[in-house]
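S.K.: My file is run.txt. It has compact mmCIF, C-alpha atoms:
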# COMPACT_ATOMS: atom_id res chain seq x y z
CA MET A 1 -16.76 -26.21 -2.70
CA ILE A 2 -14.61 -27.30 0.24
CA GLU A 3 -17.02 -30.03 1.33
CA ASP A 4 -17.39 -31.17 -2.27
CA PHE A 5 -13.63 -31.46 -2.61
CA GLU A 6 -13.28 -33.52 0.56
CA GLN A 7 -15.95 -35.92 -0.69
CA TRP A 8 -14.47 -36.06 -4.21
CA TYR A 9 -10.97 -36.69 -2.91
CA GLU A 10 -12.09 -39.59 -0.75
CA GLU A 11 -14.11 -41.09 -3.61
CA THR A 12 -11.26 -40.63 -6.09
CA TYR A 13 -8.21 -41.51 -4.02
CA GLY A 14 -9.68 -43.43 -1.09
CA VAL A 15 -8.22 -41.04 1.49
CA LYS A 16 -10.04 -38.68 3.85
CA VAL A 17 -8.77 -35.11 4.00
CA ASN A 18 -9.84 -32.10 6.03
CA VAL A 19 -9.41 -28.65 4.49
CA GLU A 20 -8.79 -25.71 6.81
CA TYR A 21 -9.49 -22.56 4.85
CA SER A 22 -8.48 -18.95 5.60
CA THR A 23 -8.74 -15.68 3.69
CA PHE A 24 -6.67 -12.49 3.81
CA GLY A 25 -7.37 -8.92 2.80
CA THR A 26 -4.14 -8.33 0.89
CA ASN A 27 -1.05 -10.15 -0.30
CA GLU A 28 0.92 -8.31 2.35
CA ASP A 29 -1.41 -9.59 5.08
CA LEU A 30 -0.78 -13.12 3.88
CA TYR A 31 2.99 -12.60 3.79
CA ASN A 32 2.99 -11.14 7.29
CA MET A 33 1.11 -14.15 8.64
CA LEU A 34 3.66 -16.44 7.03
CA THR A 35 6.53 -14.52 8.61
CA LEU A 36 4.81 -14.81 12.00
CA GLY A 37 4.89 -18.58 11.68
CA ASP A 38 1.45 -19.50 10.38
CA THR A 39 1.68 -22.75 8.40
CA TYR A 40 -0.22 -23.50 5.20
CA ASP A 41 0.17 -26.19 2.57
CA LEU A 42 -1.35 -24.19 -0.28
CA VAL A 43 -1.82 -20.43 -0.74
CA CYS A 44 -3.11 -18.26 -3.58
CA PRO A 45 -1.32 -14.89 -3.78
CA SER A 46 -1.00 -12.55 -6.75
CA GLU A 47 1.81 -12.89 -9.24
CA TYR A 48 4.22 -10.41 -7.62
CA MET A 49 3.84 -12.15 -4.27
CA PHE A 50 4.36 -15.68 -5.54
CA MET A 51 7.43 -14.34 -7.36
CA ARG A 52 8.66 -13.04 -4.02
CA LEU A 53 8.06 -16.42 -2.40
CA MET A 54 9.94 -18.04 -5.29
CA SER A 55 12.91 -15.73 -4.77
CA GLU A 56 12.98 -16.55 -1.04
CA GLY A 57 13.04 -20.30 -1.68
CA LYS A 58 9.80 -20.89 0.21
CA LEU A 59 7.95 -22.91 -2.42
CA VAL A 60 7.68 -26.56 -3.38
CA PRO A 61 7.75 -27.24 -7.15
CA LEU A 62 4.66 -28.75 -8.72
CA SER A 63 5.15 -32.45 -9.44
CA GLU A 64 5.77 -33.83 -12.93
CA HIS A 65 2.51 -35.75 -12.63
CA PHE A 66 0.58 -32.50 -12.19
CA PHE A 67 1.38 -31.71 -15.84
CA ASP A 68 0.43 -35.15 -17.18
CA GLU A 69 -2.44 -34.45 -19.58
CA SER A 70 -3.25 -38.16 -19.89
CA ASP A 71 -4.59 -38.23 -16.33
CA GLU A 72 -8.30 -37.43 -16.57
CA ASN A 73 -8.23 -35.89 -13.07
CA ASN A 74 -5.57 -33.34 -14.01
CA PHE A 75 -8.20 -30.74 -14.86
CA TYR A 76 -5.80 -27.82 -14.59
CA ILE A 77 -3.33 -28.75 -17.30
CA ARG A 78 -6.09 -30.20 -19.49
CA GLY A 79 -8.18 -27.03 -19.30
CA VAL A 80 -5.96 -24.01 -18.72
CA SER A 81 -6.25 -21.29 -21.38
CA PRO A 82 -3.40 -21.83 -23.89
CA TYR A 83 -2.75 -18.09 -23.91
CA LEU A 84 -2.42 -17.89 -20.13
CA ARG A 85 -0.51 -21.17 -19.93
CA ASN A 86 2.07 -19.64 -22.27
CA ILE A 87 2.47 -16.63 -19.96
CA PHE A 88 3.15 -18.88 -16.97
CA GLU A 89 5.60 -20.98 -18.99
CA THR A 90 7.55 -18.04 -20.43
CA SER A 91 7.51 -15.63 -17.47
CA GLU A 92 10.49 -16.04 -15.17
CA TYR A 93 11.79 -14.74 -11.89
CA GLY A 94 15.32 -15.42 -10.72
CA GLY A 95 15.88 -17.66 -13.73
CA GLU A 96 12.94 -19.95 -12.89
CA LYS A 97 9.62 -20.14 -14.72
CA TRP A 98 6.38 -19.33 -12.94
CA SER A 99 4.94 -22.64 -14.10
CA LYS A 100 7.49 -24.59 -12.08
CA TYR A 101 5.81 -23.44 -8.87
CA ALA A 102 2.51 -21.70 -9.68
CA ALA A 103 -0.80 -22.79 -11.18
CA GLY A 104 -3.09 -19.96 -12.20
CA TYR A 105 -6.47 -19.29 -10.58
CA MET A 106 -8.01 -15.98 -11.69
CA TRP A 107 -6.73 -13.20 -13.95
CA GLY A 108 -7.71 -9.82 -15.29
CA THR A 109 -6.68 -6.31 -16.29
CA THR A 110 -7.11 -2.83 -14.83
CA GLY A 111 -9.03 0.16 -16.13
CA PHE A 112 -11.60 2.81 -15.29
CA VAL A 113 -15.22 2.21 -14.40
CA TYR A 114 -16.89 5.44 -15.49
CA ASN A 115 -20.22 7.19 -15.85
CA PRO A 116 -20.87 7.50 -19.62
CA ASP A 117 -23.35 10.33 -19.02
CA VAL A 118 -20.47 12.51 -17.79
CA LEU A 119 -17.35 11.10 -19.43
CA SER A 120 -16.79 9.97 -22.99
CA LYS A 121 -15.01 6.69 -23.66
CA GLU A 122 -12.03 8.64 -24.99
CA GLU A 123 -11.76 10.70 -21.79
CA ALA A 124 -11.93 7.56 -19.66
CA SER A 125 -9.38 5.69 -21.79
CA THR A 126 -6.26 7.35 -20.45
CA PHE A 127 -4.44 7.43 -17.13
CA ARG A 128 -4.21 11.21 -17.50
CA LEU A 129 -7.82 11.31 -16.32
CA VAL A 130 -6.57 11.28 -12.73
CA ASP A 131 -4.78 14.63 -13.10
CA ASP A 132 -7.39 16.36 -15.26
CA PRO A 133 -8.43 19.51 -13.32
CA GLN A 134 -11.90 19.61 -14.88
CA TYR A 135 -12.68 16.41 -12.93
CA LYS A 136 -11.19 17.51 -9.63
CA ARG A 137 -12.47 15.44 -6.69
CA ARG A 138 -14.50 13.23 -9.00
CA VAL A 139 -12.14 10.25 -9.58
CA THR A 140 -10.83 7.61 -7.16
CA ILE A 141 -7.66 5.54 -7.43
CA LYS A 142 -6.12 2.61 -5.60
CA ASP A 143 -4.72 3.02 -2.09
CA ASN A 144 -1.73 0.76 -2.60
CA VAL A 145 1.74 1.52 -3.80
CA ARG A 146 1.95 -1.01 -6.63
CA ASP A 147 -1.22 -0.06 -8.51
CA SER A 148 -0.65 3.64 -7.96
CA TYR A 149 2.98 3.40 -9.08
CA PHE A 150 1.94 1.57 -12.26
CA MET A 151 -0.74 4.17 -12.96
CA ALA A 152 1.67 7.06 -12.41
CA VAL A 153 4.37 5.64 -14.67
CA ALA A 154 1.82 5.08 -17.44
CA ALA A 155 0.48 8.63 -17.11
CA LEU A 156 3.96 10.17 -17.07
CA ARG A 157 5.02 8.16 -20.13
CA HIS A 158 1.77 8.76 -22.03
CA ASP A 159 3.45 10.27 -25.08
CA LEU A 160 6.02 7.50 -25.34
CA LEU A 161 3.59 4.62 -24.77
CA THR A 162 1.08 5.88 -27.33
CA SER A 163 3.60 6.77 -30.04
CA ASP A 164 3.58 4.71 -33.24
CA GLU A 165 7.35 4.33 -33.07
CA PHE A 166 7.15 2.70 -29.65
CA LYS A 167 4.13 0.51 -30.45
CA ASN A 168 5.53 -0.71 -33.76
CA ASP A 169 8.94 -1.66 -32.37
CA PRO A 170 9.61 -5.43 -32.76
CA ASP A 171 10.56 -5.50 -29.07
CA TYR A 172 7.40 -3.66 -28.00
CA HIS A 173 6.38 -6.02 -25.19
CA THR A 174 9.87 -6.17 -23.68
CA ASN A 175 10.21 -2.40 -23.90
CA LEU A 176 6.75 -1.88 -22.42
CA GLU A 177 7.49 -4.11 -19.44
CA ASN A 178 10.81 -2.35 -18.87
CA VAL A 179 9.16 1.07 -18.88
CA MET A 180 6.36 -0.01 -16.55
CA ASN A 181 8.77 -1.59 -14.07
CA ASP A 182 11.36 1.20 -14.02
CA THR A 183 12.41 1.80 -10.40
CA SER A 184 15.36 4.10 -10.99
CA THR A 185 15.93 6.90 -8.49
CA GLU A 186 14.88 9.47 -11.08
CA GLU A 187 11.68 7.61 -11.94
CA ILE A 188 10.65 7.16 -8.33
CA ALA A 189 11.20 10.86 -7.63
CA GLU A 190 9.12 11.83 -10.67
CA VAL A 191 6.36 9.43 -9.67
CA GLN A 192 6.33 10.90 -6.16
CA ASP A 193 5.89 14.44 -7.48
CA TYR A 194 3.18 13.30 -9.88
CA LEU A 195 1.24 11.41 -7.21
CA GLN A 196 1.44 14.42 -4.91
CA ASP A 197 -0.33 16.44 -7.59
CA VAL A 198 -2.81 13.64 -8.24
CA LYS A 199 -3.52 13.33 -4.50
CA ASN A 200 -4.80 16.91 -4.56
CA ASN A 201 -6.94 16.27 -7.64
CA VAL A 202 -8.67 12.93 -6.98
CA TYR A 203 -11.59 12.30 -4.65
CA SER A 204 -9.69 9.69 -2.66
CA PHE A 205 -7.27 6.82 -2.56
CA GLU A 206 -9.36 3.70 -1.88
CA THR A 207 -9.15 -0.07 -1.54
CA ASP A 208 -12.77 -1.16 -1.56
CA SER A 209 -14.94 1.94 -1.18
CA GLY A 210 -14.57 2.92 -4.83
CA LYS A 211 -17.29 0.48 -5.88
CA ALA A 212 -19.82 2.07 -3.50
CA ASP A 213 -18.70 5.58 -4.47
CA MET A 214 -19.44 4.80 -8.12
CA ILE A 215 -22.76 3.15 -7.38
CA THR A 216 -23.93 6.05 -5.21
CA GLY A 217 -22.70 8.64 -7.69
CA LYS A 218 -20.11 10.29 -5.45
CA VAL A 219 -17.53 9.97 -8.21
CA ILE A 220 -17.67 9.62 -11.99
CA ALA A 221 -14.70 7.31 -12.48
CA ASN A 222 -12.78 4.73 -10.44
CA TYR A 223 -9.50 3.01 -11.32
CA GLN A 224 -10.41 -0.61 -10.76
CA TRP A 225 -9.48 -4.25 -11.12
CA SER A 226 -11.59 -5.84 -13.85
CA GLY A 227 -13.44 -8.27 -11.57
CA ASP A 228 -14.47 -5.50 -9.20
CA ALA A 229 -15.37 -3.41 -12.23
CA ALA A 230 -17.82 -6.08 -13.38
CA TYR A 231 -19.33 -6.21 -9.87
CA THR A 232 -19.69 -2.41 -9.80
CA MET A 233 -21.45 -2.34 -13.15
CA ASP A 234 -23.77 -5.16 -12.07
CA GLN A 235 -24.74 -3.34 -8.86
CA ALA A 236 -25.28 -0.02 -10.62
CA GLU A 237 -27.49 -1.73 -13.20
CA GLU A 238 -29.64 -3.17 -10.40
CA ASP A 239 -30.11 0.40 -9.15
CA GLY A 240 -31.23 1.52 -12.57
CA TYR A 241 -28.28 3.24 -14.16
CA ILE A 242 -25.42 2.31 -16.45
CA LEU A 243 -21.68 2.41 -15.86
CA ASN A 244 -19.05 1.48 -18.43
CA PHE A 245 -15.47 0.19 -18.37
CA ALA A 246 -12.49 1.52 -20.32
CA VAL A 247 -8.92 0.25 -20.52
CA PRO A 248 -6.34 3.07 -20.81
CA GLU A 249 -4.72 3.50 -24.20
CA GLU A 250 -1.23 3.68 -22.67
CA THR A 251 -1.25 0.14 -21.21
CA THR A 252 -2.98 -1.99 -18.61
CA ASN A 253 -1.73 -4.25 -15.86
CA ILE A 254 -2.47 -7.89 -16.58
CA TYR A 255 -2.59 -9.58 -13.18
CA PHE A 256 -2.88 -13.15 -11.92
CA ASP A 257 -3.64 -15.05 -8.76
CA GLY A 258 -1.84 -18.37 -8.57
CA TRP A 259 -1.78 -21.44 -6.31
CA VAL A 260 1.61 -22.31 -4.79
CA MET A 261 2.68 -24.90 -2.21
CA LEU A 262 4.76 -23.85 0.79
CA LYS A 263 7.77 -25.76 2.10
CA SER A 264 6.75 -24.86 5.64
CA GLY A 265 3.52 -26.77 5.17
CA ILE A 266 4.18 -29.46 2.56
CA GLY A 267 7.81 -30.19 3.39
CA ASN A 268 8.65 -33.58 1.90
CA ASP A 269 5.23 -35.08 2.60
CA ALA A 270 4.10 -36.71 -0.66
CA ALA A 271 0.57 -37.27 0.64
CA LYS A 272 0.14 -33.56 1.45
CA GLN A 273 1.48 -32.56 -1.95
CA GLN A 274 -0.90 -34.92 -3.72
CA ALA A 275 -3.86 -33.50 -1.81
CA ALA A 276 -2.76 -29.91 -2.50
CA GLU A 277 -2.36 -30.54 -6.22
CA ALA A 278 -5.67 -32.41 -6.28
CA PHE A 279 -7.35 -29.35 -4.75
CA ILE A 280 -6.00 -27.18 -7.59
CA ASN A 281 -7.29 -29.71 -10.09
CA PHE A 282 -10.69 -29.98 -8.44
CA ILE A 283 -11.39 -26.25 -8.59
CA SER A 284 -10.07 -26.28 -12.18
CA ARG A 285 -12.78 -28.74 -13.23
CA PRO A 286 -15.00 -26.77 -15.65
CA ASP A 287 -18.19 -27.08 -13.61
CA ASN A 288 -16.37 -25.80 -10.52
CA VAL A 289 -14.74 -23.03 -12.57
CA VAL A 290 -18.21 -21.82 -13.51
CA ARG A 291 -19.35 -21.98 -9.89
CA ASN A 292 -16.38 -19.90 -8.77
CA MET A 293 -16.71 -17.30 -11.52
CA TYR A 294 -20.43 -16.93 -10.83
CA TYR A 295 -19.72 -16.34 -7.14
CA ILE A 296 -16.78 -13.92 -7.25
CA GLY A 297 -17.11 -12.25 -10.67
CA TYR A 298 -13.50 -12.66 -11.72
CA THR A 299 -12.29 -14.61 -14.75
CA SER A 300 -10.71 -18.05 -14.44
CA VAL A 301 -7.48 -19.01 -16.17
CA ILE A 302 -9.34 -22.18 -17.16
CA SER A 303 -10.93 -22.00 -20.61
CA GLY A 304 -12.01 -25.64 -20.48
CA GLY A 305 -9.96 -27.49 -23.07
CA ASP A 306 -12.23 -30.06 -24.71
CA ASP A 307 -14.98 -29.33 -22.19
CA PRO A 308 -17.36 -26.67 -23.62
CA ARG A 309 -18.96 -25.54 -20.36
CA VAL A 310 -16.76 -22.47 -19.75
CA GLN A 311 -17.53 -21.12 -23.22
CA GLU A 312 -21.19 -22.00 -22.81
CA TYR A 313 -21.28 -20.06 -19.54
CA LEU A 314 -19.63 -17.08 -21.24
CA GLU A 315 -22.22 -17.13 -24.02
CA TRP A 316 -25.06 -17.59 -21.51
CA ASN A 317 -23.89 -14.45 -19.73
CA TYR A 318 -23.08 -12.24 -22.71
CA GLY A 319 -24.41 -13.76 -25.95
CA ALA A 320 -26.86 -11.64 -27.95
CA GLU A 321 -30.47 -12.70 -28.19
CA ASP A 322 -31.76 -13.89 -31.55
CA GLY A 323 -32.87 -10.93 -33.60
CA ASP A 324 -30.77 -8.41 -31.64
CA ASP A 325 -30.04 -5.68 -34.20
CA THR A 326 -27.19 -4.33 -32.06
CA ALA A 327 -25.28 -7.63 -32.07
CA VAL A 328 -21.60 -7.45 -32.99
CA PRO A 329 -18.87 -10.12 -33.18
CA TYR A 330 -16.42 -10.44 -30.28
CA ASP A 331 -13.33 -12.50 -30.96
CA LEU A 332 -11.90 -14.54 -28.06
CA THR A 333 -9.80 -16.90 -30.15
CA TYR A 334 -6.68 -15.94 -28.21
CA TYR A 335 -8.21 -17.04 -24.89
CA PHE A 336 -9.37 -20.44 -26.09
CA THR A 337 -6.51 -21.30 -28.49
CA GLY A 338 -3.56 -19.03 -27.64
CA ASP A 339 -3.47 -17.56 -31.17
CA THR A 340 -3.38 -13.77 -30.97
CA GLU A 341 -3.00 -13.20 -34.72
CA ASN A 342 -5.69 -15.37 -36.34
CA SER A 343 -9.39 -15.79 -35.73
CA ASP A 344 -11.36 -19.03 -35.32
CA PRO A 345 -15.11 -18.66 -36.01
CA LYS A 346 -15.80 -21.16 -33.23
CA TYR A 347 -14.63 -18.60 -30.67
CA VAL A 348 -16.15 -15.46 -32.22
CA ILE A 349 -19.19 -14.68 -30.06
CA SER A 350 -22.15 -12.54 -31.06
CA VAL A 351 -22.80 -10.01 -28.28
CA PRO A 352 -24.87 -6.83 -27.74
CA ALA A 353 -22.83 -3.82 -28.86
CA GLU A 354 -23.05 -2.21 -25.40
CA GLN A 355 -21.06 -5.11 -23.93
CA LEU A 356 -17.95 -3.95 -25.79
CA ASP A 357 -17.69 -1.27 -23.08
CA ARG A 358 -19.19 -3.14 -20.17
CA GLN A 359 -18.91 -6.39 -18.18
CA LEU A 360 -17.81 -8.56 -21.10
CA SER A 361 -14.83 -6.36 -21.93
CA ALA A 362 -13.89 -6.25 -18.24
CA GLN A 363 -14.03 -10.01 -17.72
CA TYR A 364 -12.75 -11.06 -21.14
CA PRO A 365 -10.52 -8.31 -22.57
CA SER A 366 -10.19 -8.06 -26.33
CA VAL A 367 -7.03 -9.12 -28.13
CA ASP A 368 -6.18 -5.43 -28.68
CA VAL A 369 -6.19 -4.88 -24.91
CA ILE A 370 -4.06 -7.90 -24.00
CA LYS A 371 -1.52 -6.91 -26.67
CA ARG A 372 -0.81 -3.70 -24.75
CA ALA A 373 -0.91 -5.31 -21.30
CA SER A 374 2.10 -5.40 -19.01
CA ILE A 375 3.01 -7.54 -16.01
CA MET A 376 4.17 -5.87 -12.80
CA ARG A 377 7.35 -7.61 -11.71
CA CYS A 378 8.31 -8.47 -8.16
CA PHE A 379 10.59 -5.76 -6.77
CA ASP A 380 13.63 -6.72 -4.73
CA THR A 381 14.27 -5.54 -1.17
CA GLU A 382 16.08 -2.36 -2.20
CA GLN A 383 13.46 -1.44 -4.79
CA ASN A 384 10.63 -2.08 -2.34
CA ALA A 385 12.30 0.06 0.31
CA ALA A 386 12.71 2.97 -2.10
CA ILE A 387 9.15 2.75 -3.41
CA ASN A 388 7.68 2.39 0.07
CA ARG A 389 9.56 5.54 1.19
CA MET A 390 8.07 7.33 -1.79
CA TRP A 391 4.61 6.07 -0.87
CA VAL A 392 4.93 7.32 2.72
CA ASN A 393 5.80 10.75 1.35
CA VAL A 394 2.82 10.67 -0.99
CA ARG A 395 0.29 9.51 1.57
CA CYS A 396 1.62 11.52 4.53
CA TYR A 397 3.69 14.49 3.46
CA ASN A 398 6.34 15.79 1.09
CA ALA A 399 8.78 18.27 2.60
CA ARG A 400 9.97 19.50 -0.79
CA ARG A 401 6.46 20.54 -1.77
CA MET A 402 5.36 22.11 1.51
CA PRO A 403 4.22 25.76 1.06
CA VAL A 404 5.64 28.63 3.12
CA TRP A 405 2.60 28.73 5.39
CA GLY A 406 3.10 25.02 6.04
CA TRP A 407 6.67 25.63 7.16
CA VAL A 408 5.51 28.51 9.36
CA LEU A 409 2.88 26.34 11.04
CA THR A 410 5.39 23.53 11.45
CA ALA A 411 7.94 25.91 13.00
CA LEU A 412 5.34 27.35 15.37
CA GLY A 413 4.28 23.86 16.34
CA ILE A 414 7.85 22.81 17.06
CA PHE A 415 8.47 26.06 18.97
CA GLY A 416 5.35 25.44 21.06
CA ILE A 417 6.42 21.88 21.84
CA VAL A 418 9.89 23.10 22.86
CA LEU A 419 8.35 25.71 25.19
CA LEU A 420 6.13 23.07 26.77
CA VAL A 421 9.12 20.77 27.32
CA ILE A 422 11.20 23.60 28.84
CA ARG A 423 8.31 24.62 31.08
CA LYS A 424 7.83 21.04 32.24
CA VAL A 425 11.57 20.70 32.97
CA LEU A 426 11.60 23.95 34.97
CA ILE A 427 8.50 22.99 36.94
CA THR A 428 9.96 19.57 37.70
CA ARG A 429 13.23 21.12 38.81
CA ARG A 430 11.43 23.65 41.04
CA LYS A 431 9.40 20.86 42.65
CA ARG A 432 12.57 18.94 43.37
CA GLU A 433 14.16 22.02 44.96
CA ILE A 434 11.10 22.63 47.17
CA ARG A 435 11.00 18.95 48.11
CA GLY A 436 14.71 19.09 49.00
CA VAL A 437 14.26 22.10 51.27
CA ARG A 438 11.26 20.46 52.93
CA ASP A 439 13.19 17.24 53.51
CA ALA A 440 16.13 19.18 54.96
CA LYS A 441 13.89 21.06 57.38
CA LYS A 442 12.27 17.84 58.47
CA ALA A 443 15.64 16.22 59.12
CA LEU A 444 16.84 19.18 61.17
CA ALA A 445 13.62 19.20 63.17
CA GLU A 446 14.05 15.52 64.02
CA THR A 447 17.60 16.14 65.32
CA GLY A 448 16.49 19.12 67.38
CA LYS A 449 18.82 21.49 65.50
CA PHE A 450 16.10 23.45 63.78
Would you mind giving the structure from this file in structure tokens?

M.R.:
Amino acid sequence: MIEDFEQWYEETYGVKVNVEYSTFGTNEDLYNMLTLGDTYDLVCPSEYMFMRLMSEGKLVPLSEHFFDESDENNFYIRGVSPYLRNIFETSEYGGEKWSKYAAGYMWGTTGFVYNPDVLSKEEASTFRLVDDPQYKRRVTIKDNVRDSYFMAVAALRHDLLTSDEFKNDPDYHTNLENVMNDTSTEEIAEVQDYLQDVKNNVYSFETDSGKADMITGKVIANYQWSGDAAYTMDQAEEDGYILNFAVPEETTNIYFDGWVMLKSGIGNDAAKQQAAEAFINFISRPDNVVRNMYYIGYTSVISGGDDPRVQEYLEWNYGAEDGDDTAVPYDLTYYFTGDTENSDPKYVISVPAEQLDRQLSAQYPSVDVIKRASIMRCFDTEQNAAINRMWVNVRCYNARRMPVWGWVLTALGIFGIVLLVIRKVLITRRKREIRGVRDAKKALAETGKF
């Protein structure tokens, strides 16, 4: 893809460019490298991180020309999903819209990959699965504070989030986002206590090992990002058994990765900005979108616009064979048109019934799922500090929940350390005294007075 872009850019704009490409394990790794002085023109963090970069004034706005749909090379704006484009144009941070600085790349939701031979869909469709004692040490969850915090809040507020009164409120989406991003002192304390209980019930906190644990059968459910969920189901199927995917009934996190340009790299260099924006457009070209999705398994924000190849790829992957008696309709009108209330037959796809609970539903969530999805906002410095303190307590210890025997062991340990320190001090002092006497005797001997 990189080599193809360099060739395309020279052919299109008559200028040679050289792309230097790096990857990072987490958003935090990327941010740390930026704070250490590493310089990049273009980076692709998740939504909460590009919001943070927005708030810190580190980004260059996308040019007006980038949004010019009359330019045939502006593949992003000509092909971005109308539904996702609306999210970027209506979501704000610090009074500024995401779309001013960020162009989407991949997106998805979160849910549970689960073994349908052990768990029913209903059991796997709630965050309360993680604290269910009948599945002790059989579920894994994410080893990062943001995903675990979101999960805990949803589980704690299960009754509220699933109540008809809450769901039917005209301000449902605003209320949902407020609940899921509550960082009050009381909420953080409750989340900490809940995660301490969950820590003792789940198999593990994990970042990447959950996929292997599901495939090898160590666990029966894993809280997962949708793209990784699709990968896990693919790998399990190759090994001869079936895993499914369920989105919790309380809510789900709708997440995004987005391209943003950095002031530290772009500065006021118009040529660099043009190349950076051209790179976004190149990978947003429908054929390249398909190449990327095939390689990484996540879902692009590009639905294709007038170009049918993204939809054709979707149907090639998931469309039912002719004569399939299990075929059912799957409506993706919202993704291709932005309309979440009405259906267009052009975007209703016939799929095998099993795909309603498998890779298709992970990569292309239904309209019912996206209606109950919530964005995780970027937390400010004070909120981050409070949540990170909570996370340290969860992952390391919690003094308030330590049993009596724990306090006894801690006291004995401290007492033992104190004794060792005192003993070392006494030994050191005694050595000094002996050395002093020896030195005094030596001095007297040298003067002949000893």

S.K.: So which residues touch region 261-276 of chain A within 12 Å, counting all atoms listed in the file, skipping near sequence neighbours fewer than 3 positions away, as a PyMOL selection string?

M.R.: chain A and resi 5-6+8-10+12-20+31+34-35+37-45+50+53-54+56-66+73-74+100-103+258+279-283

S.K.: Once you count only C-alpha atoms, what closest atom pair and distance in Å to one decimal does each residue of region 248-331 of chain A within 8 Å of region 345-362 of chain A have, with rows by chain and rising residue number, as CSV?

M.R.:
residue,atom,partner,partner_atom,distance
A:Glu315,CA,A:Ile349,CA,7.2
A:Tyr318,CA,A:Val351,CA,6.0
A:Gly319,CA,A:Val351,CA,4.7
A:Ala320,CA,A:Val351,CA,4.4
A:Asp324,CA,A:Pro352,CA,7.2
A:Thr326,CA,A:Ala353,CA,5.4
A:Ala327,CA,A:Pro352,CA,4.4
A:Val328,CA,A:Ser350,CA,5.5
A:Pro329,CA,A:Ser350,CA,4.6
A:Tyr330,CA,A:Ile349,CA,5.1
A:Asp331,CA,A:Val348,CA,4.3

S.K.: Hey, what's within 8 Å of Tyr135 (chain A) if we count all atoms listed in the file and toss same-chain stuff fewer than 6 positions away? As a list in words, please?

M.R.: Leu129, Asn201 and Val202 of chain A

S.K.: Between A:Gly240, A:Gly305, A:Gly95, A:Pro116, which has the minimum distance to Ile220 (chain A) (counting all atoms listed in the file)?

M.R.: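 Looking only at the distances to Ile220 (chain A), the closest residue turns out to be A:Pro116.
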
S.K.: Just checking: using only C-alpha atoms, which residue out of A:Thr251, A:Thr299, A:Ser284, A:Thr140 ends up closest to Ala221 (chain A)?

M.R.: A:Thr140

S.K.: Separation of CA of Asn181 (chain A) and CA of Thr340 (chain A), in Å?

M.R.: 24.1 Å
